[in-house]
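Asks: My structure is in coords07.csv, and what it holds is CSV, C-alpha atoms and all ligand atoms:
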```csv
chain,number,residue,atom,x,y,z
A,12,MET,CA,0.0,0.0,0.0
A,13,MET,CA,1.3,3.5,-1.0
A,14,THR,CA,4.7,2.1,-1.8
A,15,ASN,CA,5.6,5.2,-3.7
A,16,LEU,CA,5.7,7.3,-0.5
A,17,THR,CA,9.1,7.7,1.1
A,18,THR,CA,9.1,6.9,4.8
A,19,PRO,CA,9.1,8.2,7.5
A,20,TYR,CA,5.7,9.9,7.3
A,21,TYR,CA,2.8,10.6,9.6
A,22,LEU,CA,-0.3,9.4,8.0
A,23,ILE,CA,-3.6,11.0,9.2
A,24,ASP,CA,-6.7,9.1,8.2
A,25,GLU,CA,-9.7,11.5,7.9
A,26,ASN,CA,-12.3,8.7,8.1
A,27,LYS,CA,-10.9,7.7,11.5
A,28,LEU,CA,-10.7,11.3,12.5
A,29,ARG,CA,-14.3,11.8,11.6
A,30,LYS,CA,-15.5,9.1,13.9
A,31,ASN,CA,-14.1,11.0,16.9
A,32,LEU,CA,-15.5,14.3,15.5
A,33,GLU,CA,-19.0,12.8,15.1
A,34,ILE,CA,-19.0,11.9,18.8
A,35,ILE,CA,-17.9,15.5,19.7
A,36,GLN,CA,-20.7,16.8,17.4
A,37,TYR,CA,-23.2,14.6,19.2
A,38,VAL,CA,-22.1,15.9,22.6
A,39,ARG,CA,-22.4,19.5,21.3
A,40,GLU,CA,-25.9,18.9,20.1
A,41,ALA,CA,-27.2,16.7,22.9
A,42,SER,CA,-25.7,18.7,25.8
A,43,GLY,CA,-25.3,22.3,24.4
A,44,ALA,CA,-21.7,22.2,25.6
A,45,LYS,CA,-19.3,23.8,23.0
A,46,SER,CA,-16.1,22.1,22.1
A,47,VAL,CA,-12.9,23.9,21.2
A,48,LEU,CA,-9.9,22.0,19.9
A,49,ALA,CA,-6.8,22.1,22.2
A,50,LEU,CA,-4.1,23.1,19.7
A,51,LYS,CA,-1.4,22.1,22.2
A,52,CYS,CA,-2.3,18.5,21.4
A,53,PHE,CA,-2.8,18.8,17.7
A,54,SER,CA,-2.0,21.7,15.4
A,55,THR,CA,-1.7,19.9,12.0
A,56,TRP,CA,-3.8,22.4,10.1
A,57,CYS,CA,-4.1,20.4,6.9
A,58,VAL,CA,-7.1,18.6,8.3
A,59,PHE,CA,-8.8,21.7,9.9
A,60,ASP,CA,-11.2,22.0,7.0
A,61,LEU,CA,-12.8,18.8,8.2
A,62,MET,CA,-12.4,19.5,11.9
A,63,ARG,CA,-14.0,22.9,11.9
A,64,GLN,CA,-17.3,21.4,10.7
A,65,TYR,CA,-17.5,19.5,14.1
A,66,LEU,CA,-16.1,21.9,16.6
A,67,ASP,CA,-16.7,25.5,17.8
A,68,GLY,CA,-13.1,26.7,17.5
A,69,THR,CA,-9.8,26.3,19.2
A,70,THR,CA,-8.1,26.9,22.5
A,71,SER,CA,-4.5,27.8,22.8
A,72,SER,CA,-1.5,27.8,25.1
A,73,SER,CA,0.4,30.7,23.5
A,74,LEU,CA,0.1,33.6,21.2
A,75,PHE,CA,1.3,31.5,18.2
A,76,GLU,CA,-1.3,28.8,18.8
A,77,ALA,CA,-4.0,31.5,19.1
A,78,ARG,CA,-2.8,33.0,15.9
A,79,LEU,CA,-2.9,29.6,14.1
A,80,GLY,CA,-6.4,29.0,15.5
A,81,TYR,CA,-7.5,32.3,14.1
A,82,GLU,CA,-5.8,31.9,10.7
A,83,LYS,CA,-6.4,28.3,10.0
A,84,PHE,CA,-9.4,27.2,12.0
A,85,GLY,CA,-11.6,30.2,12.7
A,86,ASN,CA,-14.7,30.6,14.8
A,87,GLU,CA,-14.0,31.0,18.5
A,88,VAL,CA,-10.4,31.4,19.7
A,89,HIS,CA,-9.7,31.0,23.4
A,90,ALA,CA,-6.3,32.3,24.4
A,91,TYR,CA,-4.8,30.8,27.5
A,92,SER,CA,-1.2,30.9,28.7
A,93,VAL,CA,0.6,29.9,31.9
A,94,GLY,CA,2.3,33.3,31.5
A,95,PHE,CA,1.5,36.0,29.0
A,96,SER,CA,4.1,38.6,28.3
A,97,SER,CA,3.2,42.2,27.6
A,98,THR,CA,4.0,41.6,23.9
A,99,ASP,CA,1.6,38.7,23.8
A,100,ILE,CA,-1.2,40.8,25.3
A,101,LYS,CA,-0.7,43.6,22.8
A,102,ALA,CA,-1.2,41.1,20.0
A,103,ILE,CA,-3.8,38.8,21.4
A,104,SER,CA,-6.9,40.8,20.6
A,105,LYS,CA,-6.2,40.5,16.9
A,106,TYR,CA,-6.6,36.7,17.1
A,107,ALA,CA,-8.7,35.7,20.1
A,108,ASP,CA,-12.1,36.5,21.5
A,109,LYS,CA,-11.4,35.2,25.0
A,110,VAL,CA,-8.3,35.6,27.2
A,111,ILE,CA,-8.0,33.2,30.0
A,112,PHE,CA,-5.4,34.1,32.7
A,113,ASN,CA,-3.6,31.6,34.8
A,114,SER,CA,-3.2,33.8,37.9
A,115,ILE,CA,-4.7,36.8,39.6
A,116,SER,CA,-1.4,38.7,39.2
A,117,GLN,CA,-1.6,38.3,35.4
A,118,LEU,CA,-5.3,39.2,35.4
A,119,MET,CA,-4.6,42.4,37.4
A,120,THR,CA,-1.6,43.3,35.3
A,121,TYR,CA,-3.3,43.0,31.9
A,122,HIS,CA,-7.1,43.2,32.2
A,123,ALA,CA,-7.2,46.9,31.3
A,124,ASP,CA,-5.3,46.2,28.1
A,125,VAL,CA,-7.8,43.6,26.9
A,126,SER,CA,-11.0,45.0,28.4
A,127,GLY,CA,-12.9,44.7,25.2
A,128,MET,CA,-12.5,40.9,25.3
A,129,LYS,CA,-14.1,38.2,27.3
A,130,LEU,CA,-11.9,37.5,30.3
A,131,GLY,CA,-11.5,34.3,32.1
A,132,LEU,CA,-9.4,32.9,34.9
A,133,ARG,CA,-8.1,29.3,35.3
A,134,VAL,CA,-9.2,27.9,38.6
A,135,ASN,CA,-7.4,25.0,40.3
A,136,PRO,CA,-10.0,23.0,42.1
A,137,GLY,CA,-7.4,20.9,43.9
A,138,ILE,CA,-8.7,17.7,42.5
A,139,SER,CA,-7.5,15.9,39.4
A,140,TYR,CA,-7.4,12.7,37.5
A,141,SER,CA,-4.1,11.7,36.0
A,142,HIS,CA,-2.0,8.6,35.8
A,143,PHE,CA,1.1,10.8,35.7
A,144,ASP,CA,2.4,13.2,38.3
A,145,LEU,CA,4.1,15.1,35.4
A,146,ALA,CA,0.7,15.9,33.9
A,147,ASP,CA,-1.3,16.3,37.2
A,148,PRO,CA,-2.6,19.9,37.4
A,149,ALA,CA,-3.3,19.5,41.1
A,150,ARG,CA,0.2,18.2,42.0
A,151,LYS,CA,2.0,19.7,44.9
A,152,TYR,CA,3.0,23.4,44.4
A,153,SER,CA,1.0,23.4,41.1
A,154,ARG,CA,1.3,26.7,39.3
A,155,LEU,CA,-1.7,25.9,37.1
A,156,GLY,CA,-4.6,28.0,38.0
A,157,VAL,CA,-5.8,29.8,41.1
A,158,SER,CA,-6.6,27.8,44.2
A,159,GLU,CA,-7.7,30.4,46.7
A,160,LYS,CA,-11.5,30.7,46.4
A,161,ASP,CA,-11.8,34.0,48.4
A,162,GLU,CA,-9.2,35.6,46.1
A,163,ILE,CA,-11.1,34.5,43.0
A,164,MET,CA,-14.4,36.0,44.3
A,165,LYS,CA,-12.7,39.4,44.8
A,166,VAL,CA,-11.9,39.6,41.1
A,167,ALA,CA,-15.1,37.9,39.8
A,168,SER,CA,-16.5,41.2,38.5
A,169,LEU,CA,-13.7,41.3,35.9
A,170,LEU,CA,-14.5,37.9,34.6
A,171,SER,CA,-17.1,36.4,32.2
A,172,GLY,CA,-15.9,32.9,32.8
A,173,VAL,CA,-13.6,30.4,34.4
A,174,MET,CA,-11.7,27.4,33.2
A,175,PHE,CA,-11.1,24.2,35.1
A,176,HIS,CA,-8.6,21.8,33.5
A,177,PHE,CA,-7.9,19.0,35.9
A,178,ASN,CA,-8.1,15.7,33.9
A,179,CYS,CA,-5.6,13.8,31.9
A,180,GLU,CA,-6.9,10.9,29.7
A,181,ASN,CA,-9.9,10.4,32.0
A,182,ASP,CA,-12.1,7.7,30.5
A,183,ASN,CA,-14.0,7.1,33.7
A,184,PHE,CA,-17.4,8.7,33.6
A,185,GLU,CA,-18.1,8.2,37.4
A,186,SER,CA,-14.9,10.1,38.2
A,187,ILE,CA,-15.8,13.1,36.0
A,188,SER,CA,-19.3,13.0,37.3
A,189,THR,CA,-18.1,13.2,40.9
A,190,ALA,CA,-15.7,15.9,40.0
A,191,ILE,CA,-18.4,18.0,38.3
A,192,ASP,CA,-20.5,17.7,41.4
A,193,TYR,CA,-17.5,18.7,43.5
A,194,ILE,CA,-17.0,21.8,41.4
A,195,GLY,CA,-20.7,22.7,41.6
A,196,GLU,CA,-20.7,22.3,45.4
A,197,ASN,CA,-17.5,24.2,46.0
A,198,TYR,CA,-17.8,27.0,43.5
A,199,GLY,CA,-21.5,27.7,43.3
A,200,PRO,CA,-21.5,31.5,44.1
A,201,LEU,CA,-18.7,32.0,41.6
A,202,LEU,CA,-20.3,30.0,38.9
A,203,GLU,CA,-23.6,31.8,39.3
A,204,ARG,CA,-21.8,35.0,38.4
A,205,MET,CA,-20.2,33.6,35.2
A,206,GLU,CA,-21.5,33.4,31.6
A,207,TRP,CA,-19.3,30.4,30.7
A,208,VAL,CA,-17.4,27.7,32.4
A,209,SER,CA,-14.8,25.5,30.6
A,210,LEU,CA,-14.3,22.0,32.0
A,211,GLY,CA,-11.0,21.8,30.1
A,212,GLY,CA,-9.6,18.8,28.3
A,213,GLY,CA,-8.4,15.4,29.3
A,214,LEU,CA,-11.8,13.8,29.0
A,215,TYR,CA,-11.8,10.7,26.8
A,216,PHE,CA,-15.4,10.7,25.9
A,217,THR,CA,-14.8,9.5,22.4
A,218,LYS,CA,-13.6,6.2,23.7
A,219,GLU,CA,-15.6,3.1,22.6
A,220,GLY,CA,-18.2,2.3,25.2
A,221,TYR,CA,-18.0,5.7,27.0
A,222,PRO,CA,-21.5,6.5,28.3
A,223,VAL,CA,-21.9,9.6,26.1
A,224,ASP,CA,-25.6,10.1,27.0
A,225,ARG,CA,-25.0,10.1,30.7
A,226,PHE,CA,-22.1,12.5,30.1
A,227,CYS,CA,-24.4,14.8,28.2
A,228,GLU,CA,-27.0,14.7,30.9
A,229,LYS,CA,-24.3,15.7,33.5
A,230,LEU,CA,-23.2,18.6,31.4
A,231,ILE,CA,-26.8,19.8,30.9
A,232,GLY,CA,-27.5,19.6,34.7
A,233,PHE,CA,-24.4,21.7,35.4
A,234,SER,CA,-25.1,24.2,32.7
A,235,GLU,CA,-28.7,24.7,33.8
A,236,LYS,CA,-28.0,24.8,37.5
A,237,PHE,CA,-25.6,27.7,37.2
A,238,GLY,CA,-26.9,29.3,34.0
A,239,VAL,CA,-23.6,28.9,32.2
A,240,GLN,CA,-22.4,28.0,28.7
A,241,VAL,CA,-20.2,24.9,29.2
A,242,TYR,CA,-17.1,24.4,27.1
A,243,LEU,CA,-15.0,21.3,26.6
A,244,GLU,CA,-11.4,21.5,25.3
A,245,PRO,CA,-10.8,18.2,23.6
A,246,GLY,CA,-7.3,17.4,22.4
A,247,GLU,CA,-6.6,13.7,22.5
A,248,ALA,CA,-10.3,12.9,22.4
A,249,ALA,CA,-10.5,14.5,19.0
A,250,ILE,CA,-7.6,12.9,17.3
A,251,THR,CA,-6.9,9.7,19.2
A,252,ASN,CA,-6.3,6.6,17.0
A,253,CYS,CA,-6.5,8.5,13.7
A,254,ALA,CA,-2.8,8.7,12.7
A,255,GLU,CA,0.2,6.4,12.3
A,256,LEU,CA,3.9,7.0,12.0
A,257,VAL,CA,4.9,4.9,9.0
A,258,THR,CA,8.6,3.7,9.0
A,259,THR,CA,10.9,1.3,7.2
A,260,VAL,CA,13.4,-1.0,8.9
A,261,LEU,CA,17.0,0.0,8.1
A,262,ASP,CA,18.8,-2.7,10.0
A,263,VAL,CA,18.2,-5.6,12.3
A,264,ILE,CA,20.8,-6.4,14.8
A,265,HIS,CA,20.9,-9.2,17.4
A,266,ASN,CA,21.7,-8.6,21.0
A,267,GLU,CA,20.0,-11.4,22.9
A,268,ILE,CA,16.8,-10.4,21.0
A,269,ASP,CA,16.3,-9.0,17.5
A,270,VAL,CA,16.4,-5.2,17.5
A,271,ALA,CA,14.9,-3.6,14.4
A,272,ILE,CA,16.1,-0.1,13.7
A,273,VAL,CA,13.7,2.0,11.8
A,274,ASP,CA,14.1,5.3,9.9
A,275,ALA,CA,12.4,7.3,12.5
A,276,SER,CA,12.9,7.9,16.3
A,277,VAL,CA,10.9,8.0,19.5
A,278,GLU,CA,13.0,10.9,20.7
A,279,ALA,CA,12.5,13.0,17.6
A,280,HIS,CA,9.1,11.9,16.4
A,281,MET,CA,7.1,10.5,19.3
A,282,LEU,CA,8.8,12.3,22.2
A,283,ASP,CA,5.9,12.0,24.6
A,284,HIS,CA,6.5,8.3,25.0
A,285,LEU,CA,10.0,9.0,26.3
A,286,ILE,CA,8.7,11.7,28.6
A,287,TYR,CA,6.0,9.5,30.1
A,288,ARG,CA,7.9,6.2,29.7
A,289,THR,CA,5.1,4.6,27.8
A,290,THR,CA,5.4,2.1,25.0
A,291,THR,CA,4.0,2.8,21.6
A,292,LYS,CA,1.6,0.4,19.9
A,293,VAL,CA,2.4,-1.1,16.5
A,294,SER,CA,-0.4,-1.2,14.1
A,295,TYR,CA,1.5,-3.1,11.4
A,296,PRO,CA,2.7,-5.8,11.2
A,297,GLU,CA,-0.1,-7.6,13.1
A,298,PRO,CA,0.6,-9.4,16.4
A,299,GLY,CA,2.2,-12.8,16.2
A,300,ARG,CA,5.0,-14.9,17.7
A,301,TYR,CA,8.1,-13.1,16.5
A,302,ARG,CA,9.7,-11.3,19.4
A,303,VAL,CA,11.5,-8.1,18.4
A,304,MET,CA,12.5,-4.8,19.8
A,305,ILE,CA,11.8,-1.8,17.6
A,306,ALA,CA,14.2,1.1,18.0
A,307,GLY,CA,14.8,4.6,16.6
A,308,ARG,CA,17.9,5.7,14.9
A,309,THR,CA,19.1,8.5,17.1
A,310,CYS,CA,22.2,8.1,19.3
A,311,LEU,CA,20.1,8.0,22.4
A,312,ALA,CA,20.5,4.5,24.0
A,313,GLY,CA,16.9,4.5,25.1
A,314,ASP,CA,15.4,5.5,21.8
A,315,ILE,CA,13.2,2.5,21.8
A,316,PHE,CA,9.6,2.2,20.6
A,317,GLY,CA,9.1,-1.0,22.5
A,318,GLU,CA,9.3,-4.8,22.5
A,319,TYR,CA,6.7,-6.6,20.5
A,320,LYS,CA,5.5,-10.0,19.4
A,321,LEU,CA,4.7,-9.6,15.7
A,322,ARG,CA,3.6,-11.8,12.8
A,323,GLY,CA,6.6,-12.5,10.6
A,324,LYS,CA,10.2,-11.6,11.0
A,325,LEU,CA,11.3,-8.0,10.4
A,326,ARG,CA,13.9,-7.5,7.8
A,327,VAL,CA,15.7,-4.6,6.2
A,328,GLY,CA,13.0,-2.9,4.1
A,329,SER,CA,10.0,-4.1,6.2
A,330,GLU,CA,7.4,-1.6,6.9
A,331,VAL,CA,6.5,-0.8,10.5
A,332,ARG,CA,3.6,1.4,11.5
A,333,ILE,CA,3.5,3.0,14.9
A,334,ALA,CA,-0.1,3.6,16.0
A,335,ASP,CA,-1.7,6.7,17.5
A,336,ALA,CA,0.8,9.2,16.2
A,337,ALA,CA,-1.3,12.4,16.2
A,338,GLY,CA,-1.8,13.7,19.7
A,339,TYR,CA,1.2,15.4,21.4
A,340,THR,CA,3.3,13.9,18.7
A,341,MET,CA,3.5,16.1,15.6
A,342,VAL,CA,3.5,19.2,17.9
A,343,LYS,CA,6.6,17.9,19.7
A,344,LYS,CA,8.7,16.7,16.7
A,345,ASN,CA,12.2,18.0,16.6
A,346,TRP,CA,15.4,17.8,14.6
A,347,PHE,CA,17.5,15.9,17.1
A,348,ASN,CA,20.5,14.2,15.3
A,349,GLY,CA,19.4,15.9,12.1
A,350,LEU,CA,17.2,13.0,11.2
A,351,PRO,CA,14.8,13.4,8.3
A,352,MET,CA,11.6,14.9,9.5
A,353,PRO,CA,8.6,12.6,8.7
A,354,SER,CA,6.4,14.0,5.9
A,355,ILE,CA,2.8,14.7,6.7
A,356,VAL,CA,0.4,12.7,4.6
A,357,VAL,CA,-3.4,12.7,4.8
A,358,ARG,CA,-5.8,10.0,3.6
A,359,ARG,CA,-8.8,12.1,2.7
A,360,LEU,CA,-12.4,11.1,3.2
A,361,ASN,CA,-12.7,10.0,-0.4
A,362,GLY,CA,-9.5,7.8,-0.2
A,363,THR,CA,-7.2,10.2,-2.0
A,364,VAL,CA,-3.8,10.3,-0.4
A,365,ASP,CA,-2.2,13.8,-0.2
A,366,VAL,CA,1.4,14.4,0.7
A,367,VAL,CA,0.8,17.8,2.3
A,368,ARG,CA,4.3,18.5,3.6
A,369,LYS,CA,7.8,17.3,3.0
A,370,PHE,CA,10.7,18.5,5.0
A,371,ARG,CA,14.2,19.0,3.6
A,372,TYR,CA,17.7,19.8,4.7
A,373,LYS,CA,16.9,23.5,4.4
A,374,ASP,CA,14.2,23.2,7.1
A,375,PHE,CA,16.7,21.6,9.4
A,376,LYS,CA,19.2,24.3,8.7
A,377,ARG,CA,16.6,27.1,9.2
A,378,SER,CA,15.5,25.7,12.5
A,379,LEU,CA,18.8,27.1,13.9
A,380,SER,CA,21.2,29.7,12.9
A,401,LIG,C1,-5.9,23.9,29.6
A,401,LIG,C2,-6.0,22.6,28.7
A,401,LIG,N1,-7.0,22.4,28.0
A,401,LIG,C3,-7.1,21.3,27.2
A,401,LIG,C4,-6.1,20.3,27.2
A,401,LIG,C5,-6.2,19.2,26.3
A,401,LIG,O1,-6.2,18.0,27.0
A,401,LIG,P1,-6.3,16.6,26.2
A,401,LIG,O2,-5.5,16.6,25.0
A,401,LIG,O3,-5.8,15.6,27.2
A,401,LIG,O4,-7.8,16.4,25.9
A,401,LIG,C6,-5.0,20.5,28.0
A,401,LIG,C7,-3.9,19.5,28.0
A,401,LIG,O5,-2.9,19.6,28.7
A,401,LIG,C8,-4.9,21.7,28.8
A,401,LIG,O6,-3.8,21.9,29.5
```
What's the C-alpha cells form of this structure?
Ligand SMILES: Cc1ncc(COP(=O)(O)O)c(C=O)c1O
Replies:
Amino acid sequence: MMTNLTTPYYLIDENKLRKNLEIIQYVREASGAKSVLALKCFSTWCVFDLMRQYLDGTTSSSLFEARLGYEKFGNEVHAYSVGFSSTDIKAISKYADKVIFNSISQLMTYHADVSGMKLGLRVNPGISYSHFDLADPARKYSRLGVSEKDEIMKVASLLSGVMFHFNCENDNFESISTAIDYIGENYGPLLERMEWVSLGGGLYFTKEGYPVDRFCEKLIGFSEKFGVQVYLEPGEAAITNCAELVTTVLDVIHNEIDVAIVDASVEAHMLDHLIYRTTTKVSYPEPGRYRVMIAGRTCLAGDIFGEYKLRGKLRVGSEVRIADAAGYTMVKKNWFNGLPMPSIVVRRLNGTVDVVRKFRYKDFKRSLS
C-alpha cells in the first residue's frame, strides 16, 4: 500500500478522525456544551477544513497557537497561557475572543489592556485525574490556576468565565461525574456570576463504550444549575487513533533479541512516549509470535519504541507502522540528530492520499542559525 511514498511519514486518516469528530458533534448537540480543539495537542492544520465542521473553534496555550487557530481554524479562539508577556497581550486581541489568565497577578496586570475581550481565569480545584504526576494539574505546588476561592471571588467582576482543567486521559465517567458535582458544590457562588465555564480537556469521551448520553445529561445539569455555557477543550479525544507513523526497517541487529532499527525515532518523532515512559503500539505488522524490539535511529541508547510480538520476522526494508501518532506527537517533533523529519500525509475522506508537507535539509538548517 502506498509504496511510492518515502518513509518516514505521519499518516492521518480523515475517516478515523471523523469518527471522533462525530461523537464530539453529538455531545455538542445533545448537551449544548461547546467544544474547542486544544491546539497544544494537535495543530496539524491540513485537516482543519474537516475538523472545523464539528467543533466550535480552538483553544491555545500561547500567542502563536492562538494566531494559528485564528488563521487556520476560525470561529471561537480562546487564548490561555501559563504566563502572558506584555508583547503577547498587545497582539492577542487580533486573534482571540477570550483571554484566560492563569493567575490573579496576570489578570490584574493585563485586564485593562484587553478590556474589550471576554476575560477568564483558570481555577485550580485541587482535585484531578491523571496517571502521571508530570501531567497532574493538582500536583503539589502546582502553578496551574488559582486555588484560593476567596481571592477569586474578589476579582469575579472582571471575569465572564472560568476554566477548570484537571483531567488527563480520564475515560472514567463516574470520576468526572463526581468531579463536576464537587466543582458545583464548591464554587456555586462564583459559577452563578459567570457566563461560561470550561471544564478543560483530558476527557476521553470519544472512547468506545463511553456513556456519552450520561455525560451529556451531566453537562446539561451543570449548565442549567448555574446558567452557564459549558465548554470542553478536547485534544486527545478529538484525534486519538487517527494517525500512524509509517517507517521502514533500516537494520536488524541481534543482542539477545532481534532489534529492528527504523528510519524514525521515538525521541525526535514521538517524544511523549519517552517523557512519560510509555510504550508505543504497533499497528503493522499484526501481532504474532516473532519477538522483536523496535528502536529509533538517534544516538540515544533509550530511543526504543518498545518490545513486541509480531507476525513475521522483520527484515531490512520491512514496513513498521506505529499507532496513534497524532496527539502530542507532531506538535513535539524535533530535529535531534538531524534526522529526516517525517512528511505529513493525509488519507482524505474519499480515499485520496495527499502528501501535504515534505521537510528538507533547508528546514533543518533554518530551524537554527
Ligand atoms: C488547559 C488545557 N485544555 C485542554 C487540554 C487538552 O487535553 P487533552 O489533550 O488531554 O484532551 C490541555 C492539555 O494539557 C490543557 O492543559
Asks: Using all atoms listed in the file, which protein or nucleic acid residues come within 12 Å of Lys373 of chain A? Drop anything in the same chain fewer than 6 positions from it, and give the result as a list in words.
Replies: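 Within the cut-off, the hits are Trp346, Gly349, Pro351, Met352, Leu379 and Ser380 of chain A.
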Asks: Filtering to C-alpha atoms, could you give me those residues as a compact mmCIF listing (two decimals), in the frame of the given file?
Replies:
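What follows is the written file out18.txt:
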```
# COMPACT_ATOMS: atom_id res chain seq x y z
CA TRP A 346 15.40 17.80 14.60
CA GLY A 349 19.40 15.90 12.10
CA PRO A 351 14.80 13.40 8.30
CA MET A 352 11.60 14.90 9.50
CA LEU A 379 18.80 27.10 13.90
CA SER A 380 21.20 29.70 12.90
```
Asks: Ligand LIG 401 (chain A): which residues are within 8 Å, counting only C-alpha atoms and all ligand atoms, as a PyMOL selection string?
Replies: chain A and resi 48-52+70-72+91+146+174-176+178-180+211-215+243-249+338-339
Asks: I need the residue nearest Ser354 of chain A from this list: A:Ala102, A:Leu311, A:Ile286, A:Leu256. Use all atoms listed in the file for the distance.
Replies: A:Leu256
Asks: Would you mind telling me which residue in A:Asn345, A:Thr309, A:Ser168, A:Thr289 lies nearest to Asp274 of chain A when using all atoms listed in the file?
Replies: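 For Asp274 of chain A, the nearest of the given residues is A:Thr309.
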Asks: What does the distance between atom CA of Ile355 of chain A and atom CA of Cys253 of chain A come to in Å, to one decimal place?
Replies: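 For atom CA of Ile355 of chain A relative to atom CA of Cys253 of chain A, the distance reads 13.2 Å.
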Asks: Just the residues within 12 Å of Val110 of chain A, please, counting only C-alpha atoms, with nothing from its chain fewer than 6 positions along; format it as a CSV table (one decimal) with C-alpha atoms, in the coordinates of the input.
Replies:
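around28.csv, freshly written:
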```csv
chain,number,residue,atom,x,y,z
A,70,THR,CA,-8.1,26.9,22.5
A,71,SER,CA,-4.5,27.8,22.8
A,72,SER,CA,-1.5,27.8,25.1
A,73,SER,CA,0.4,30.7,23.5
A,74,LEU,CA,0.1,33.6,21.2
A,77,ALA,CA,-4.0,31.5,19.1
A,87,GLU,CA,-14.0,31.0,18.5
A,88,VAL,CA,-10.4,31.4,19.7
A,89,HIS,CA,-9.7,31.0,23.4
A,90,ALA,CA,-6.3,32.3,24.4
A,91,TYR,CA,-4.8,30.8,27.5
A,92,SER,CA,-1.2,30.9,28.7
A,93,VAL,CA,0.6,29.9,31.9
A,94,GLY,CA,2.3,33.3,31.5
A,95,PHE,CA,1.5,36.0,29.0
A,99,ASP,CA,1.6,38.7,23.8
A,100,ILE,CA,-1.2,40.8,25.3
A,101,LYS,CA,-0.7,43.6,22.8
A,102,ALA,CA,-1.2,41.1,20.0
A,103,ILE,CA,-3.8,38.8,21.4
A,104,SER,CA,-6.9,40.8,20.6
A,117,GLN,CA,-1.6,38.3,35.4
A,118,LEU,CA,-5.3,39.2,35.4
A,121,TYR,CA,-3.3,43.0,31.9
A,122,HIS,CA,-7.1,43.2,32.2
A,124,ASP,CA,-5.3,46.2,28.1
A,125,VAL,CA,-7.8,43.6,26.9
A,126,SER,CA,-11.0,45.0,28.4
A,127,GLY,CA,-12.9,44.7,25.2
A,128,MET,CA,-12.5,40.9,25.3
A,129,LYS,CA,-14.1,38.2,27.3
A,130,LEU,CA,-11.9,37.5,30.3
A,131,GLY,CA,-11.5,34.3,32.1
A,132,LEU,CA,-9.4,32.9,34.9
A,133,ARG,CA,-8.1,29.3,35.3
A,169,LEU,CA,-13.7,41.3,35.9
A,170,LEU,CA,-14.5,37.9,34.6
A,171,SER,CA,-17.1,36.4,32.2
A,172,GLY,CA,-15.9,32.9,32.8
A,173,VAL,CA,-13.6,30.4,34.4
A,174,MET,CA,-11.7,27.4,33.2
```
Asks: Have segment 287-291 of chain A completed to all heavy atoms, please, and pass it along as a short mmCIF file (atom, residue, chain, number, x, y, z; two decimals), in the coordinates of the input.
Replies:
```cif
data_model
loop_
_atom_site.label_atom_id
_atom_site.label_comp_id
_atom_site.auth_asym_id
_atom_site.auth_seq_id
_atom_site.Cartn_x
_atom_site.Cartn_y
_atom_site.Cartn_z
N TYR A 287 6.89 10.22 29.18
CA TYR A 287 6.00 9.50 30.10
C TYR A 287 6.40 8.06 30.31
O TYR A 287 5.71 7.33 31.03
CB TYR A 287 4.54 9.61 29.62
CG TYR A 287 3.99 11.00 29.78
CD1 TYR A 287 3.95 11.88 28.71
CD2 TYR A 287 3.56 11.46 31.02
CE1 TYR A 287 3.47 13.17 28.85
CE2 TYR A 287 3.08 12.75 31.18
CZ TYR A 287 3.04 13.60 30.09
OH TYR A 287 2.58 14.87 30.25
N ARG A 288 7.46 7.64 29.65
CA ARG A 288 7.90 6.20 29.70
C ARG A 288 6.86 5.24 29.38
O ARG A 288 6.64 4.24 30.07
CB ARG A 288 8.48 5.96 31.16
CG ARG A 288 9.67 6.83 31.48
CD ARG A 288 10.07 6.70 32.94
NE ARG A 288 11.18 7.58 33.24
CZ ARG A 288 12.45 7.25 33.12
NH1 ARG A 288 12.78 6.05 32.72
NH2 ARG A 288 13.41 8.11 33.39
N THR A 289 6.14 5.55 28.32
CA THR A 289 5.10 4.60 27.80
C THR A 289 5.60 3.99 26.54
O THR A 289 6.51 4.49 25.90
CB THR A 289 3.79 5.38 27.58
OG1 THR A 289 4.09 6.60 26.88
CG2 THR A 289 3.09 5.74 28.88
N THR A 290 4.96 2.89 26.19
CA THR A 290 5.40 2.10 25.00
C THR A 290 4.40 2.41 23.87
O THR A 290 3.19 2.41 24.08
CB THR A 290 5.35 0.63 25.34
OG1 THR A 290 6.24 0.43 26.42
CG2 THR A 290 5.79 -0.21 24.16
N THR A 291 4.93 2.60 22.70
CA THR A 291 4.00 2.80 21.60
C THR A 291 3.38 1.51 21.15
O THR A 291 3.91 0.43 21.42
CB THR A 291 4.82 3.36 20.34
OG1 THR A 291 5.84 2.42 20.03
CG2 THR A 291 5.44 4.70 20.63
#
```
